[in-house]
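Working notes for the structure below.
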Amino acid sequence: MIGRIAGVLLEKNPPQILVEAAGVGYEIEVPMSTFYNLPAPGAQVTLLTHFVVREDAHLLYGFGSDAERRVFRQLLKISGIGARMALAVLSGLSVGELVEAVSMQEAGRLVKIPGIGKKTAERLLLELKDKLGTDFAPGATVGRAKPATSDIFNALLGLGYSEKEAQGAVKLLPEGLSVSDGIRQALKLLARA
C-alpha cells in the first residue's frame, strides 16, 4: 500500500494532480480542500495517500491532512459510498464542518453537496454518528513555505470562520506580514465581505 508520497507537483487539473516522485509520475485524485492548499506547479509537495486496487484500475487518492484521509476511509466503509462520493463530501465540507454536521445531525448541509440526496445524507449521518469525534479535528494541511500564512489561516478557523472564508482572506493578504498584522487585516477583509 502507498501511504505517503513526496515529490514535485507537476500538474494541477482538478480534482487530479500529477506528482513526480523518484522519476515516476503519479496521478492522484484529491478533494478540493486539499487542492486549494497545494503550492504552485514545480514546488515540492507531500501528501498522505489511500491506494485502491480494482479489477479495472489502480487509483491513488491524496490528502493534505491525516484527518481528511481518516474521514475518507470512514466514508468508504459506508454501503453505497464509493471513492468519488467520499471525495465529493470532502470537497463540499471541511472535516470540521462534517464533524459538526454529524454531531448536530444536519442533513441539510450534506444535501448541498452535488450527488447527495436526502436519503444518502440521512444514511451518512446515521453511519458516521459514533465514528467521528473530536479526534477528527482538522490537523495541519499540505506544507507550504509560508508559516505565517498557516498561522493566520488557523487563527481564522479558531475564530469560527469556514475554511473557504479563511482561505479567501489569506490569499488576499500581501506577502511578509507578521501573524498579528495578518490576522488583523484578514478580519477587516472578512468584515467587508
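We name chains A, B, ... following the order of the C-alpha cells; residues begin at 1 in each chain, and ligands are numbered from 1 as shown.
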
query: Please, which residues of stretch 100-185 of chain A, numbered as in this document, come out alpha helix (DSSP H) from DSSP, as a count of residues only?
result: 50

A:Lys129 surroundings by only C-alpha atoms, 7 Å radius, close-in-sequence under 4 positions cut, as a JSON list (two decimals) with C-alpha atoms, in the first residue's frame:
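Listing of out-v2.json after writing:
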```json
[["chain", "number", "residue", "atom", "x", "y", "z"],
["A", 102, "VAL", "CA", -22.83, 14.81, 12.00],
["A", 103, "SER", "CA", -22.87, 15.80, 15.68],
["A", 125, "LEU", "CA", -25.41, 10.94, 9.40]]
```

Atom pair atom CA of A:Ser91 / atom CA of A:Ala191: separation (Å):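 Atom CA of A:Ala191 lies at a distance of 25.1 Å from atom CA of A:Ser91.
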
- request: Please return as an MDAnalysis selection string: the residues of chain A that backbone DSSP assigns to strand (DSSP E).
  value: chainID A and resid 4:13 16:21 24:29 44:53 58:63

Who sits within 10 Å of A:Val52, only C-alpha atoms, same chain under 3 positions skipped, as a PyMOL selection string: chain A and resi 1-2+49+57-61+83

Write the residues you've just listed into a file as a PDB file, in the first residue's frame, and include N, CA and C atoms for each of them.
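part34.pdb, written as the output of this step:
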```
ATOM      1  N   MET A   1       0.853  -1.181   0.000  1.00  0.00           N
ATOM      2  CA  MET A   1       0.000   0.000   0.000  1.00  0.00           C
ATOM      3  C   MET A   1       0.892   1.235   0.000  1.00  0.00           C
ATOM      4  N   ILE A   2       0.492   2.251  -0.720  1.00  0.00           N
ATOM      5  CA  ILE A   2       1.201   3.521  -0.755  1.00  0.00           C
ATOM      6  C   ILE A   2       0.514   4.435   0.260  1.00  0.00           C
ATOM      7  N   THR A  49      -1.706   9.338   1.404  1.00  0.00           N
ATOM      8  CA  THR A  49      -2.458   8.728   0.311  1.00  0.00           C
ATOM      9  C   THR A  49      -3.277   7.525   0.758  1.00  0.00           C
ATOM     10  N   ALA A  57      -8.714  -0.888 -12.478  1.00  0.00           N
ATOM     11  CA  ALA A  57      -7.856   0.283 -12.256  1.00  0.00           C
ATOM     12  C   ALA A  57      -7.153   0.222 -10.903  1.00  0.00           C
ATOM     13  N   HIS A  58      -6.022   0.902 -10.827  1.00  0.00           N
ATOM     14  CA  HIS A  58      -5.333   1.159  -9.570  1.00  0.00           C
ATOM     15  C   HIS A  58      -5.417   2.671  -9.363  1.00  0.00           C
ATOM     16  N   LEU A  59      -6.033   3.102  -8.264  1.00  0.00           N
ATOM     17  CA  LEU A  59      -6.291   4.522  -8.056  1.00  0.00           C
ATOM     18  C   LEU A  59      -5.610   5.011  -6.784  1.00  0.00           C
ATOM     19  N   LEU A  60      -5.064   6.215  -6.860  1.00  0.00           N
ATOM     20  CA  LEU A  60      -4.374   6.805  -5.719  1.00  0.00           C
ATOM     21  C   LEU A  60      -5.086   8.106  -5.351  1.00  0.00           C
ATOM     22  N   TYR A  61      -5.456   8.221  -4.079  1.00  0.00           N
ATOM     23  CA  TYR A  61      -6.130   9.408  -3.573  1.00  0.00           C
ATOM     24  C   TYR A  61      -5.201  10.091  -2.581  1.00  0.00           C
ATOM     25  N   ALA A  83     -15.441   5.943  -3.676  1.00  0.00           N
ATOM     26  CA  ALA A  83     -14.374   6.938  -3.561  1.00  0.00           C
ATOM     27  C   ALA A  83     -14.793   8.289  -4.140  1.00  0.00           C
TER      28      ALA A  83
END
```

Of the listed residues A:Val53, A:Leu87, A:Leu173, A:Lys164, that which approaches A:Arg69 most closely, counting only C-alpha atoms: A:Leu87

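The closest residue to A:Ala67, picked from A:Gly80, A:Gly42, A:Gly7, A:Gly96 and counting only C-alpha atoms, is A:Gly96.
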
message: What's around stretch 18-31 of chain A at 10 Å? Count only C-alpha atoms, leave out sequence neighbours fewer than 6 positions away in its own chain, and write the answer as a VMD selection string.
response: chain A and resid 5 to 12 41 to 47 49 to 51 59 to 64 68 72 83 to 84 86 to 94

Store the residues picked out above, limited to C-alpha atoms, as a CSV table (one decimal), in the first residue's frame.
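Output (part.csv):
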```csv
chain,number,residue,atom,x,y,z
A,5,ILE,CA,4.0,10.5,-1.4
A,6,ALA,CA,6.6,13.3,-1.5
A,7,GLY,CA,7.8,14.8,-4.7
A,8,VAL,CA,7.5,17.6,-7.2
A,9,LEU,CA,4.0,18.8,-8.2
A,10,LEU,CA,3.9,18.8,-12.0
A,11,GLU,CA,0.3,19.4,-12.9
A,12,LYS,CA,-2.9,20.6,-11.3
A,41,PRO,CA,3.4,23.5,-10.0
A,42,GLY,CA,7.1,22.9,-9.7
A,43,ALA,CA,7.1,23.1,-5.9
A,44,GLN,CA,7.7,20.2,-3.5
A,45,VAL,CA,4.6,18.6,-2.1
A,46,THR,CA,3.9,15.9,0.5
A,47,LEU,CA,0.5,14.1,0.6
A,49,THR,CA,-2.5,8.7,0.3
A,50,HIS,CA,-5.0,6.0,0.1
A,51,PHE,CA,-4.4,3.3,-2.6
A,59,LEU,CA,-6.3,4.5,-8.1
A,60,LEU,CA,-4.4,6.8,-5.7
A,61,TYR,CA,-6.1,9.4,-3.6
A,62,GLY,CA,-4.2,12.2,-1.8
A,63,PHE,CA,-4.9,14.2,1.3
A,64,GLY,CA,-3.3,17.2,2.9
A,68,GLU,CA,-9.1,14.1,5.8
A,72,PHE,CA,-12.3,9.4,3.6
A,83,ALA,CA,-14.4,6.9,-3.6
A,84,ARG,CA,-15.9,9.6,-5.9
A,86,ALA,CA,-16.3,10.4,-0.5
A,87,LEU,CA,-14.2,12.9,-2.4
A,88,ALA,CA,-17.3,15.0,-3.1
A,89,VAL,CA,-18.1,15.0,0.6
A,90,LEU,CA,-14.6,16.2,1.5
A,91,SER,CA,-14.7,18.8,-1.3
A,92,GLY,CA,-18.1,20.2,-0.2
A,93,LEU,CA,-17.3,20.3,3.6
A,94,SER,CA,-14.2,20.6,5.6
```

- prompt: Between atom CA of A:Met104 and atom CA of A:Ser65, what is the distance, to one decimal in Å?
  reply: 23.5 Å
